[in-house]
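> Following this line is run_15.cif, made up of mmCIF, C-alpha atoms:
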```cif
data_upload
#
loop_
_atom_site.group_PDB
_atom_site.id
_atom_site.type_symbol
_atom_site.label_atom_id
_atom_site.label_comp_id
_atom_site.auth_asym_id
_atom_site.auth_seq_id
_atom_site.Cartn_x
_atom_site.Cartn_y
_atom_site.Cartn_z
ATOM 1 C CA MET A 12 70.914 142.750 61.566
ATOM 2 C CA THR A 13 73.361 143.754 64.302
ATOM 3 C CA ILE A 14 74.472 142.206 67.579
ATOM 4 C CA SER A 15 76.380 143.811 70.453
ATOM 5 C CA LEU A 16 77.407 142.944 74.016
ATOM 6 C CA PRO A 17 78.918 146.207 75.278
ATOM 7 C CA MET A 18 78.289 146.114 79.009
ATOM 8 C CA TYR A 19 81.153 143.896 80.268
ATOM 9 C CA ASP A 20 83.352 143.907 77.167
ATOM 10 C CA TRP A 21 86.716 144.436 78.901
ATOM 11 C CA PRO A 22 89.816 143.861 76.705
ATOM 12 C CA GLU A 23 90.792 140.859 78.857
ATOM 13 C CA VAL A 24 87.529 139.053 78.006
ATOM 14 C CA ARG A 25 86.985 140.382 74.486
ATOM 15 C CA GLU A 26 87.765 137.030 72.862
ATOM 16 C CA ALA A 27 85.388 135.291 75.274
ATOM 17 C CA THR A 28 82.693 137.881 74.567
ATOM 18 C CA ASP A 29 83.094 137.264 70.834
ATOM 19 C CA ALA A 30 82.944 133.506 71.355
ATOM 20 C CA TRP A 31 79.842 133.758 73.538
ATOM 21 C CA ALA A 32 78.010 135.927 71.008
ATOM 22 C CA GLN A 33 79.027 133.593 68.192
ATOM 23 C CA GLY A 34 77.897 130.590 70.232
ATOM 24 C CA VAL A 35 74.470 132.078 70.820
ATOM 25 C CA MET A 36 74.168 133.049 67.169
ATOM 26 C CA ARG A 37 75.300 129.596 66.037
ATOM 27 C CA HIS A 38 72.496 128.021 68.034
ATOM 28 C CA MET A 39 70.140 130.457 66.345
ATOM 29 C CA GLY A 40 71.424 129.661 62.855
ATOM 30 C CA GLN A 41 73.081 133.097 62.514
ATOM 31 C CA ALA A 42 76.743 132.086 62.805
ATOM 32 C CA ASP A 43 77.904 134.815 60.420
ATOM 33 C CA LYS A 44 77.088 137.649 62.835
ATOM 34 C CA VAL A 45 79.971 139.768 64.197
ATOM 35 C CA LEU A 46 79.739 141.978 67.279
ATOM 36 C CA ASP A 47 79.214 145.667 66.653
ATOM 37 C CA ARG A 48 81.598 147.575 68.908
ATOM 38 C CA THR A 49 80.460 151.101 68.080
ATOM 39 C CA PRO A 50 81.519 153.184 71.131
ATOM 40 C CA ASP A 51 78.079 154.815 71.334
ATOM 41 C CA HIS A 52 76.077 151.984 72.910
ATOM 42 C CA PHE A 53 72.863 153.987 72.788
ATOM 43 C CA SER A 54 72.995 154.332 69.001
ATOM 44 C CA GLY A 55 73.158 150.545 68.758
ATOM 45 C CA TRP A 56 70.177 150.079 71.054
ATOM 46 C CA ARG A 57 68.179 152.539 68.919
ATOM 47 C CA ARG A 58 68.677 150.514 65.742
ATOM 48 C CA GLY A 59 65.581 148.909 64.309
ATOM 49 C CA ASP A 60 67.661 145.942 63.083
ATOM 50 C CA LEU A 61 69.120 145.107 66.513
ATOM 51 C CA LEU A 62 69.014 141.334 66.874
ATOM 52 C CA PHE A 63 70.790 140.730 70.193
ATOM 53 C CA SER A 64 72.381 142.983 72.802
ATOM 54 C CA GLN A 65 72.660 143.681 76.520
ATOM 55 C CA THR A 66 71.732 146.953 78.147
ATOM 56 C CA CYS A 67 71.755 148.502 81.613
ATOM 57 C CA GLY A 68 68.551 148.328 83.632
ATOM 58 C CA TYR A 69 68.260 152.115 83.957
ATOM 59 C CA PRO A 70 68.074 152.991 80.248
ATOM 60 C CA PHE A 71 65.953 149.867 79.747
ATOM 61 C CA THR A 72 63.353 151.246 82.174
ATOM 62 C CA HIS A 73 63.689 154.881 81.091
ATOM 63 C CA GLU A 74 64.742 155.923 77.575
ATOM 64 C CA PHE A 75 64.107 152.487 76.086
ATOM 65 C CA ARG A 76 60.957 151.618 78.003
ATOM 66 C CA GLY A 77 58.616 150.150 75.401
ATOM 67 C CA ARG A 78 61.306 150.541 72.726
ATOM 68 C CA LEU A 79 63.383 147.391 73.291
ATOM 69 C CA ALA A 80 62.115 143.836 73.594
ATOM 70 C CA TYR A 81 63.183 141.944 76.717
ATOM 71 C CA VAL A 82 64.798 138.571 75.974
ATOM 72 C CA ALA A 83 66.302 137.188 79.209
ATOM 73 C CA THR A 84 68.470 138.001 82.224
ATOM 74 C CA PRO A 85 71.858 136.285 82.568
ATOM 75 C CA HIS A 86 73.110 135.024 85.936
ATOM 76 C CA TYR A 87 76.667 135.805 87.043
ATOM 77 C CA ALA A 88 78.535 133.589 89.511
ATOM 78 C CA VAL A 89 80.179 136.410 91.462
ATOM 79 C CA PRO A 90 79.727 138.003 94.904
ATOM 80 C CA GLY A 91 76.890 140.501 94.838
ATOM 81 C CA CYS A 92 74.793 138.469 92.410
ATOM 82 C CA ASP A 93 71.970 136.084 93.298
ATOM 83 C CA GLY A 94 70.427 134.345 90.304
ATOM 84 C CA PRO A 95 69.077 137.056 87.984
ATOM 85 C CA ALA A 96 69.557 139.810 90.589
ATOM 86 C CA TYR A 97 72.626 141.905 91.327
ATOM 87 C CA CYS A 98 73.782 144.847 93.403
ATOM 88 C CA SER A 99 76.496 147.469 93.362
ATOM 89 C CA PHE A 100 79.360 147.672 95.833
ATOM 90 C CA VAL A 101 79.941 151.020 97.520
ATOM 91 C CA LEU A 102 83.717 151.519 97.537
ATOM 92 C CA ALA A 103 85.869 153.998 99.438
ATOM 93 C CA ARG A 104 89.427 154.215 100.741
ATOM 94 C CA GLU A 105 88.412 153.749 104.365
ATOM 95 C CA LYS A 106 85.557 152.078 106.176
ATOM 96 C CA ARG A 107 83.400 154.726 107.807
ATOM 97 C CA PRO A 108 79.671 155.118 108.486
ATOM 98 C CA LEU A 109 77.819 156.287 105.393
ATOM 99 C CA ALA A 110 76.744 159.523 107.071
ATOM 100 C CA ASP A 111 80.422 160.438 107.544
ATOM 101 C CA PHE A 112 80.816 160.825 103.769
ATOM 102 C CA LYS A 113 78.625 163.926 103.763
ATOM 103 C CA GLY A 114 80.469 166.737 102.003
ATOM 104 C CA SER A 115 82.777 164.321 100.182
ATOM 105 C CA ARG A 116 83.247 163.850 96.452
ATOM 106 C CA ALA A 117 81.503 161.006 94.610
ATOM 107 C CA ALA A 118 82.555 159.448 91.312
ATOM 108 C CA VAL A 119 79.664 158.588 88.978
ATOM 109 C CA ASN A 120 80.211 156.689 85.753
ATOM 110 C CA ASN A 121 77.217 158.000 83.793
ATOM 111 C CA PRO A 122 73.977 159.852 84.604
ATOM 112 C CA ASP A 123 71.920 157.019 83.082
ATOM 113 C CA SER A 124 73.532 154.131 84.984
ATOM 114 C CA MET A 125 71.654 151.897 87.412
ATOM 115 C CA SER A 126 74.793 150.577 89.083
ATOM 116 C CA GLY A 127 76.875 153.746 89.178
ATOM 117 C CA MET A 128 74.282 156.507 89.548
ATOM 118 C CA LEU A 129 70.923 155.316 90.902
ATOM 119 C CA ALA A 130 72.607 152.791 93.203
ATOM 120 C CA LEU A 131 74.650 155.623 94.715
ATOM 121 C CA LYS A 132 71.506 157.686 95.281
ATOM 122 C CA LEU A 133 69.634 154.761 96.853
ATOM 123 C CA VAL A 134 72.445 154.134 99.330
ATOM 124 C CA PHE A 135 73.107 157.725 100.390
ATOM 125 C CA ALA A 136 69.668 159.389 100.023
ATOM 126 C CA PRO A 137 68.558 158.358 103.553
ATOM 127 C CA HIS A 138 71.473 160.425 104.895
ATOM 128 C CA ALA A 139 70.814 163.485 102.738
ATOM 129 C CA GLU A 140 69.067 166.622 103.911
ATOM 130 C CA GLY A 141 67.077 168.562 101.375
ATOM 131 C CA GLY A 142 68.498 166.398 98.607
ATOM 132 C CA ARG A 143 72.073 167.464 99.294
ATOM 133 C CA PHE A 144 74.820 165.158 100.495
ATOM 134 C CA PHE A 145 77.939 165.265 98.315
ATOM 135 C CA ALA A 146 79.916 168.469 97.935
ATOM 136 C CA ASP A 147 80.956 167.541 94.403
ATOM 137 C CA VAL A 148 80.512 164.825 91.794
ATOM 138 C CA LEU A 149 83.130 163.596 89.330
ATOM 139 C CA ARG A 150 81.622 162.369 86.029
ATOM 140 C CA SER A 151 84.106 159.590 85.340
ATOM 141 C CA GLY A 152 82.637 158.106 82.168
ATOM 142 C CA GLY A 153 82.949 154.476 83.297
ATOM 143 C CA HIS A 154 83.204 152.111 86.251
ATOM 144 C CA VAL A 155 86.923 151.575 85.648
ATOM 145 C CA ASN A 156 87.511 155.330 85.798
ATOM 146 C CA SER A 157 85.435 155.596 88.971
ATOM 147 C CA MET A 158 87.491 152.921 90.740
ATOM 148 C CA ILE A 159 90.733 154.597 89.699
ATOM 149 C CA ALA A 160 89.435 158.010 90.816
ATOM 150 C CA VAL A 161 88.632 156.758 94.314
ATOM 151 C CA ARG A 162 91.824 154.718 94.553
ATOM 152 C CA ASP A 163 93.953 157.710 93.557
ATOM 153 C CA GLY A 164 92.113 160.256 95.719
ATOM 154 C CA ALA A 165 90.355 162.166 92.931
ATOM 155 C CA ALA A 166 87.045 161.092 94.526
ATOM 156 C CA ASP A 167 86.035 159.626 97.870
ATOM 157 C CA VAL A 168 83.314 157.116 97.074
ATOM 158 C CA CYS A 169 81.674 155.309 94.155
ATOM 159 C CA THR A 170 79.238 152.478 93.448
ATOM 160 C CA ILE A 171 80.431 149.737 91.120
ATOM 161 C CA ASP A 172 78.491 146.951 89.421
ATOM 162 C CA SER A 173 79.278 143.642 91.165
ATOM 163 C CA VAL A 174 80.289 142.010 87.872
ATOM 164 C CA CYS A 175 82.741 144.842 87.169
ATOM 165 C CA VAL A 176 84.195 144.372 90.649
ATOM 166 C CA ALA A 177 84.668 140.668 89.885
ATOM 167 C CA LEU A 178 86.338 141.527 86.574
ATOM 168 C CA ALA A 179 88.684 143.907 88.368
ATOM 169 C CA ARG A 180 89.530 141.320 91.035
ATOM 170 C CA ARG A 181 90.413 138.764 88.388
ATOM 171 C CA TYR A 182 92.075 140.889 85.714
ATOM 172 C CA ARG A 183 93.022 144.275 87.210
ATOM 173 C CA PRO A 184 93.386 143.880 90.986
ATOM 174 C CA ASP A 185 95.482 147.038 91.194
ATOM 175 C CA TYR A 186 92.325 149.049 90.473
ATOM 176 C CA LEU A 187 91.026 147.911 93.866
ATOM 177 C CA ASP A 188 94.235 148.574 95.818
ATOM 178 C CA GLY A 189 93.347 150.365 99.043
ATOM 179 C CA LEU A 190 89.605 150.257 98.379
ATOM 180 C CA VAL A 191 87.148 148.812 100.885
ATOM 181 C CA GLU A 192 83.487 147.904 100.619
ATOM 182 C CA ILE A 193 81.403 150.126 102.895
ATOM 183 C CA ALA A 194 77.902 149.094 101.760
ATOM 184 C CA ARG A 195 75.892 147.445 99.014
ATOM 185 C CA SER A 196 72.976 148.825 97.052
ATOM 186 C CA PRO A 197 69.550 147.143 96.932
ATOM 187 C CA MET A 198 69.323 144.097 94.678
ATOM 188 C CA VAL A 199 67.626 144.635 91.312
ATOM 189 C CA PRO A 200 67.249 142.505 88.174
ATOM 190 C CA GLY A 201 70.525 142.198 86.304
ATOM 191 C CA LEU A 202 71.477 143.705 82.964
ATOM 192 C CA PRO A 203 68.989 142.282 80.442
ATOM 193 C CA TYR A 204 69.560 140.738 77.059
ATOM 194 C CA VAL A 205 67.398 142.671 74.609
ATOM 195 C CA SER A 206 66.386 142.866 70.953
ATOM 196 C CA ALA A 207 64.597 145.322 68.695
ATOM 197 C CA LEU A 208 60.938 145.619 69.640
ATOM 198 C CA SER A 209 59.818 144.514 66.183
ATOM 199 C CA GLY A 210 61.577 141.140 66.409
ATOM 200 C CA ASP A 211 60.401 137.756 67.685
ATOM 201 C CA VAL A 212 62.425 136.980 70.820
ATOM 202 C CA GLN A 213 61.496 133.292 71.060
ATOM 203 C CA PRO A 214 64.270 132.089 68.688
ATOM 204 C CA LEU A 215 66.774 134.029 70.816
ATOM 205 C CA ARG A 216 65.463 132.483 74.012
ATOM 206 C CA LEU A 217 65.784 129.008 72.533
ATOM 207 C CA ALA A 218 69.324 129.812 71.344
ATOM 208 C CA LEU A 219 70.262 131.035 74.833
ATOM 209 C CA GLU A 220 68.943 127.832 76.403
ATOM 210 C CA LYS A 221 71.143 125.807 74.057
ATOM 211 C CA ALA A 222 74.161 128.069 74.546
ATOM 212 C CA PHE A 223 73.973 127.888 78.341
ATOM 213 C CA ALA A 224 73.749 124.082 78.125
ATOM 214 C CA ASP A 225 76.473 123.725 75.466
ATOM 215 C CA PRO A 226 79.565 121.990 76.969
ATOM 216 C CA ALA A 227 81.709 123.473 74.188
ATOM 217 C CA LEU A 228 80.969 126.933 75.627
ATOM 218 C CA ALA A 229 81.671 126.021 79.276
ATOM 219 C CA ASP A 230 85.108 127.690 79.395
ATOM 220 C CA ILE A 231 83.704 130.755 77.660
ATOM 221 C CA ARG A 232 80.895 131.053 80.204
ATOM 222 C CA GLU A 233 83.380 130.707 83.066
ATOM 223 C CA ALA A 234 85.597 133.439 81.631
ATOM 224 C CA LEU A 235 82.563 135.745 81.591
ATOM 225 C CA PHE A 236 81.251 134.515 84.997
ATOM 226 C CA LEU A 237 78.048 133.345 83.284
ATOM 227 C CA SER A 238 76.252 130.524 85.094
ATOM 228 C CA HIS A 239 72.626 130.475 83.915
ATOM 229 C CA HIS A 240 69.796 132.751 82.795
ATOM 230 C CA SER A 241 66.163 133.499 83.584
ATOM 231 C CA VAL A 242 63.210 134.811 81.650
ATOM 232 C CA LEU A 243 61.608 137.178 84.139
ATOM 233 C CA ALA A 244 58.075 138.497 84.269
ATOM 234 C CA PRO A 245 57.559 141.580 82.079
ATOM 235 C CA GLU A 246 57.126 143.812 85.121
ATOM 236 C CA ALA A 247 60.248 142.588 86.973
ATOM 237 C CA TYR A 248 62.337 145.611 85.992
ATOM 238 C CA ASP A 249 59.679 147.969 87.354
ATOM 239 C CA LEU A 250 61.449 147.439 90.688
ATOM 240 C CA ILE A 251 64.018 149.987 89.473
ATOM 241 C CA LEU A 252 61.268 152.548 88.914
ATOM 242 C CA ARG A 253 59.704 151.847 92.316
ATOM 243 C CA LEU A 254 63.024 152.219 94.133
ATOM 244 C CA GLU A 255 63.712 155.480 92.337
ATOM 245 C CA GLU A 256 60.236 156.832 93.060
ATOM 246 C CA LYS A 257 60.420 155.902 96.743
ATOM 247 C CA MET A 258 63.837 157.539 97.008
ATOM 248 C CA GLN A 259 62.565 160.727 95.392
ATOM 249 C CA GLN A 260 59.497 160.803 97.621
ATOM 250 C CA GLY A 261 61.838 160.676 100.610
ATOM 251 C CA GLY A 262 63.620 163.811 99.455
ATOM 252 C CA GLY A 263 65.937 162.305 96.868
ATOM 253 C CA LEU A 264 69.593 163.114 96.380
ATOM 254 C CA GLU A 265 71.135 165.579 93.931
ATOM 255 C CA LEU A 266 74.190 164.566 91.923
#
```
If you took the structure in this file and wrote it as structure tokens, what would it be?


Amino acid sequence: MTISLPMYDWPEVREATDAWAQGVMRHMGQADKVLDRTPDHFSGWRRGDLLFSQTCGYPFTHEFRGRLAYVATPHYAVPGCDGPAYCSFVLAREKRPLADFKGSRAAVNNPDSMSGMLALKLVFAPHAEGGRFFADVLRSGGHVNSMIAVRDGAADVCTIDSVCVALARRYRPDYLDGLVEIARSPMVPGLPYVSALSGDVQPLRLALEKAFADPALADIREALFLSHHSVLAPEAYDLILRLEEKMQQGGGLEL
């Protein structure tokens, strides 16, 4: 069985990510598990032997709807997060009204990202006419690349996951040089811990409870900004679908 935690696995916190995964697995009696760092996250989430992972809310509610079992939602002690909910920061090089960015170039990490794609649409769609707003879109391939693109002038605006912004502030502040927050996206449930649909998630939930209460993991949790976790109602992530549908009914926004 495989485990992976790909969503916030920056090199600066890789040891902490390993230690957190091992801590959770230890409390589950699976201390021999090692994180799978296959670059293709989606291939890992498609595995029938997936024991423990974390995915983005957009693929969880779209491609993997009914194909991954929800386990829990971690809380992050950073600006832009509130318990199990989080938002994206809209970043640009100068503070201007949102409507003034019409005809500019946006940087988008991936077309299946809640925080970098749908968040951008939700923020700017009310200012679009006929679904058009941006003159061009840069497919950056990641939040780090999007920040760098806006900082260096290759793009004008991007939306970045609040946890990634906190990671940048702590470990790579130069990525944010000259960038300002011009808005925030709507709050949605944070990136969920998941498992293969065929598995029993209760042992994982019990292991997470123990791991979040384990004083030996306190420094590890702080390094990863982890403060707590929640087990949300099964329909909690449907908020993402409702926001997307409402946006599309209002005319949407093409990227």

> Counting all atoms listed in the file, I want the residues whose atoms come within 7 Å of (80.2, 166.2, 91.1) in the file frame, returned as a PyMOL selection string.

chain A and resi 116-117+147-150+266

> Keeping only C-alpha atoms, write the selected residues as a tab-separated table (two decimals), in the coordinates of the input.


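Produced file part_32.tsv, reproduced below:
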```tsv
chain	number	residue	atom	x	y	z
A	116	ARG	CA	83.25	163.85	96.45
A	117	ALA	CA	81.50	161.01	94.61
A	147	ASP	CA	80.96	167.54	94.40
A	148	VAL	CA	80.51	164.82	91.79
A	149	LEU	CA	83.13	163.60	89.33
A	150	ARG	CA	81.62	162.37	86.03
A	266	LEU	CA	74.19	164.57	91.92
```

> Rank A:Ala80, A:Thr13, A:Thr170, A:Pro245 by their smallest atom-to-atom distance to Ala103 of chain A, using only C-alpha atoms, and report the top residue only.

A:Thr170

> Determine the residue membership of the PyMOL selection byres ((chain A and resi 70) around 12) for the file above and supply it as a count of residues only.

32

> Within 12 Å of Ala229 of chain A, counting only C-alpha atoms, which residues qualify if same-chain residues fewer than 5 places away don't, as a count of residues only?

14

> Would you mind listing, for every residue of segment 171-258 of chain A within 12 Å of segment 162-166 of chain A, the two atoms forming the shortest contact and the distance between them in Å to one decimal, using all atoms listed in the file, sorted by chain and ascending residue number, as JSON lines?


```
{"residue": "A:Pro184", "atom": "CA", "partner": "A:Arg162", "partner_atom": "CA", "distance": 11.5}
{"residue": "A:Asp185", "atom": "CA", "partner": "A:Arg162", "partner_atom": "CA", "distance": 9.1}
{"residue": "A:Tyr186", "atom": "CA", "partner": "A:Arg162", "partner_atom": "CA", "distance": 7.0}
{"residue": "A:Leu187", "atom": "CA", "partner": "A:Arg162", "partner_atom": "CA", "distance": 6.9}
{"residue": "A:Asp188", "atom": "CA", "partner": "A:Arg162", "partner_atom": "CA", "distance": 6.7}
{"residue": "A:Gly189", "atom": "CA", "partner": "A:Arg162", "partner_atom": "CA", "distance": 6.4}
{"residue": "A:Leu190", "atom": "CA", "partner": "A:Arg162", "partner_atom": "CA", "distance": 6.3}
{"residue": "A:Val191", "atom": "CA", "partner": "A:Arg162", "partner_atom": "CA", "distance": 9.8}
```

> For a cut-off of 10 Å around (87.5, 137.7, 88.8), file coordinates, pick out all residues using all atoms listed in the file and list them as a ChimeraX atom specification.

/A:88-90,174-184,233-236

> Considering only C-alpha atoms, can you say which of A:Ser173, A:Leu109, A:Arg253, A:Met158 comes closest to Phe145 of chain A?

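Of A:Ser173, A:Leu109, A:Arg253, A:Met158, the one nearest Phe145 of chain A, counting only C-alpha atoms, is A:Leu109.
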
> Just so the selection is clear, what residues does the PyMOL selection byres ((chain A and resi 99) around 8) cover here, as a VMD selection string?

chain A and resid 91 97 to 98 100 to 101 126 to 127 130 170 to 173 195 to 197

> Apply the PyMOL selection byres ((chain A and resi 40-43) around 12) to the structure shown and report the selected residues as a list of chain:residue names.

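Given this file, the PyMOL selection byres ((chain A and resi 40-43) around 12) evaluates to A:Met12, A:Thr13, A:Ile14, A:Asp29, A:Ala30, A:Trp31, A:Ala32, A:Gln33, A:Gly34, A:Val35, A:Met36, A:Arg37, A:His38, A:Met39, A:Lys44, A:Val45, A:Leu46, A:Leu62, A:Phe63, A:Pro214, A:Leu215, A:Leu217, A:Ala218, A:Lys221.
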
> Could you check which of A:Val82, A:Leu133, A:Val168, A:Val161 is closest to Gly114 of chain A, using all atoms listed in the file?

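The shortest atom-to-atom distance to Gly114 of chain A comes from A:Val168.
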
> Using all atoms listed in the file, which of A:Ala207, A:Ile193, A:Ile159, A:Val119 sits nearest Glu105 of chain A?

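Smallest separation from Glu105 of chain A among the options: A:Ile193.
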
> Which one of A:His240, A:Ser15, A:Leu264, A:Asp167 sits closest to Lys106 of chain A if you count only C-alpha atoms?

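So, comparing all the options, the nearest one is A:Asp167.
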
> In Å, how far is it from atom CA of Ala83 of chain A to atom CA of Leu219 of chain A?

8.5 Å

> Between atom CA of Asp249 of chain A and atom CA of Ala136 of chain A, what is the spacing in Å?

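That distance, rounded to one decimal, is 19.8 Å.
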
> From the list A:Ala160, A:Ala118, A:Leu61, A:Met18, which residue is nearest Ala146 of chain A when using only C-alpha atoms?

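The shortest atom-to-atom distance to Ala146 of chain A comes from A:Ala118.
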
> Hey, can you check how far atom CA of Arg48 of chain A sits from atom CA of Asp230 of chain A?

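According to the coordinates, atom CA of Arg48 of chain A and atom CA of Asp230 of chain A are separated by 22.8 Å.
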
> Please produce segment 17-44 of chain A, completed to N, CA and C atoms, as a PDB file, in the coordinates of the input.


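Listing of result34.pdb after writing:
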```pdb
ATOM      1  N   PRO A  17      77.968 145.171  74.851  1.00  0.00           N
ATOM      2  CA  PRO A  17      78.918 146.207  75.278  1.00  0.00           C
ATOM      3  C   PRO A  17      79.147 146.328  76.782  1.00  0.00           C
ATOM      4  N   MET A  18      78.298 145.727  77.607  1.00  0.00           N
ATOM      5  CA  MET A  18      78.289 146.114  79.009  1.00  0.00           C
ATOM      6  C   MET A  18      79.494 145.615  79.811  1.00  0.00           C
ATOM      7  N   TYR A  19      80.003 144.425  79.525  1.00  0.00           N
ATOM      8  CA  TYR A  19      81.153 143.896  80.268  1.00  0.00           C
ATOM      9  C   TYR A  19      82.279 143.514  79.306  1.00  0.00           C
ATOM     10  N   ASP A  20      82.418 144.257  78.233  1.00  0.00           N
ATOM     11  CA  ASP A  20      83.352 143.907  77.167  1.00  0.00           C
ATOM     12  C   ASP A  20      84.754 144.462  77.451  1.00  0.00           C
ATOM     13  N   TRP A  21      85.356 144.021  78.562  1.00  0.00           N
ATOM     14  CA  TRP A  21      86.716 144.436  78.901  1.00  0.00           C
ATOM     15  C   TRP A  21      87.698 143.793  77.903  1.00  0.00           C
ATOM     16  N   PRO A  22      88.836 144.445  77.639  1.00  0.00           N
ATOM     17  CA  PRO A  22      89.816 143.861  76.705  1.00  0.00           C
ATOM     18  C   PRO A  22      90.243 142.448  77.088  1.00  0.00           C
ATOM     19  N   GLU A  23      90.339 142.174  78.393  1.00  0.00           N
ATOM     20  CA  GLU A  23      90.792 140.859  78.857  1.00  0.00           C
ATOM     21  C   GLU A  23      89.796 139.747  78.520  1.00  0.00           C
ATOM     22  N   VAL A  24      88.538 140.074  78.306  1.00  0.00           N
ATOM     23  CA  VAL A  24      87.529 139.053  78.006  1.00  0.00           C
ATOM     24  C   VAL A  24      86.909 139.267  76.624  1.00  0.00           C
ATOM     25  N   ARG A  25      87.561 140.080  75.807  1.00  0.00           N
ATOM     26  CA  ARG A  25      86.985 140.382  74.486  1.00  0.00           C
ATOM     27  C   ARG A  25      86.849 139.131  73.632  1.00  0.00           C
ATOM     28  N   GLU A  26      87.858 138.263  73.640  1.00  0.00           N
ATOM     29  CA  GLU A  26      87.765 137.030  72.862  1.00  0.00           C
ATOM     30  C   GLU A  26      86.636 136.146  73.377  1.00  0.00           C
ATOM     31  N   ALA A  27      86.470 136.091  74.697  1.00  0.00           N
ATOM     32  CA  ALA A  27      85.388 135.291  75.274  1.00  0.00           C
ATOM     33  C   ALA A  27      84.026 135.892  74.925  1.00  0.00           C
ATOM     34  N   THR A  28      83.937 137.225  74.934  1.00  0.00           N
ATOM     35  CA  THR A  28      82.693 137.881  74.567  1.00  0.00           C
ATOM     36  C   THR A  28      82.324 137.569  73.122  1.00  0.00           C
ATOM     37  N   ASP A  29      83.317 137.628  72.231  1.00  0.00           N
ATOM     38  CA  ASP A  29      83.094 137.264  70.834  1.00  0.00           C
ATOM     39  C   ASP A  29      82.616 135.818  70.716  1.00  0.00           C
ATOM     40  N   ALA A  30      83.281 134.925  71.436  1.00  0.00           N
ATOM     41  CA  ALA A  30      82.944 133.506  71.355  1.00  0.00           C
ATOM     42  C   ALA A  30      81.553 133.229  71.903  1.00  0.00           C
ATOM     43  N   TRP A  31      81.176 133.948  72.970  1.00  0.00           N
ATOM     44  CA  TRP A  31      79.842 133.758  73.538  1.00  0.00           C
ATOM     45  C   TRP A  31      78.770 134.231  72.547  1.00  0.00           C
ATOM     46  N   ALA A  32      78.973 135.410  71.983  1.00  0.00           N
ATOM     47  CA  ALA A  32      78.010 135.927  71.008  1.00  0.00           C
ATOM     48  C   ALA A  32      77.898 134.987  69.809  1.00  0.00           C
ATOM     49  N   GLN A  33      79.045 134.495  69.334  1.00  0.00           N
ATOM     50  CA  GLN A  33      79.027 133.593  68.192  1.00  0.00           C
ATOM     51  C   GLN A  33      78.348 132.277  68.547  1.00  0.00           C
ATOM     52  N   GLY A  34      78.545 131.817  69.794  1.00  0.00           N
ATOM     53  CA  GLY A  34      77.897 130.590  70.232  1.00  0.00           C
ATOM     54  C   GLY A  34      76.386 130.723  70.265  1.00  0.00           C
ATOM     55  N   VAL A  35      75.910 131.840  70.795  1.00  0.00           N
ATOM     56  CA  VAL A  35      74.470 132.078  70.820  1.00  0.00           C
ATOM     57  C   VAL A  35      73.926 132.162  69.401  1.00  0.00           C
ATOM     58  N   MET A  36      74.624 132.903  68.551  1.00  0.00           N
ATOM     59  CA  MET A  36      74.168 133.049  67.169  1.00  0.00           C
ATOM     60  C   MET A  36      74.210 131.721  66.411  1.00  0.00           C
ATOM     61  N   ARG A  37      75.221 130.905  66.687  1.00  0.00           N
ATOM     62  CA  ARG A  37      75.300 129.596  66.037  1.00  0.00           C
ATOM     63  C   ARG A  37      74.084 128.751  66.371  1.00  0.00           C
ATOM     64  N   HIS A  38      73.666 128.795  67.632  1.00  0.00           N
ATOM     65  CA  HIS A  38      72.496 128.021  68.034  1.00  0.00           C
ATOM     66  C   HIS A  38      71.205 128.617  67.486  1.00  0.00           C
ATOM     67  N   MET A  39      71.304 129.820  66.965  1.00  0.00           N
ATOM     68  CA  MET A  39      70.140 130.457  66.345  1.00  0.00           C
ATOM     69  C   MET A  39      70.194 130.351  64.824  1.00  0.00           C
ATOM     70  N   GLY A  40      71.276 129.755  64.294  1.00  0.00           N
ATOM     71  CA  GLY A  40      71.424 129.661  62.855  1.00  0.00           C
ATOM     72  C   GLY A  40      71.896 130.945  62.211  1.00  0.00           C
ATOM     73  N   GLN A  41      72.583 131.812  63.002  1.00  0.00           N
ATOM     74  CA  GLN A  41      73.081 133.097  62.514  1.00  0.00           C
ATOM     75  C   GLN A  41      74.585 133.209  62.785  1.00  0.00           C
ATOM     76  N   ALA A  42      75.325 132.175  62.433  1.00  0.00           N
ATOM     77  CA  ALA A  42      76.743 132.086  62.805  1.00  0.00           C
ATOM     78  C   ALA A  42      77.613 133.140  62.144  1.00  0.00           C
ATOM     79  N   ASP A  43      77.096 133.830  61.129  1.00  0.00           N
ATOM     80  CA  ASP A  43      77.904 134.815  60.420  1.00  0.00           C
ATOM     81  C   ASP A  43      77.924 136.179  61.103  1.00  0.00           C
ATOM     82  N   LYS A  44      77.186 136.344  62.181  1.00  0.00           N
ATOM     83  CA  LYS A  44      77.088 137.649  62.835  1.00  0.00           C
ATOM     84  C   LYS A  44      78.376 137.991  63.589  1.00  0.00           C
TER      85      LYS A  44
END
```
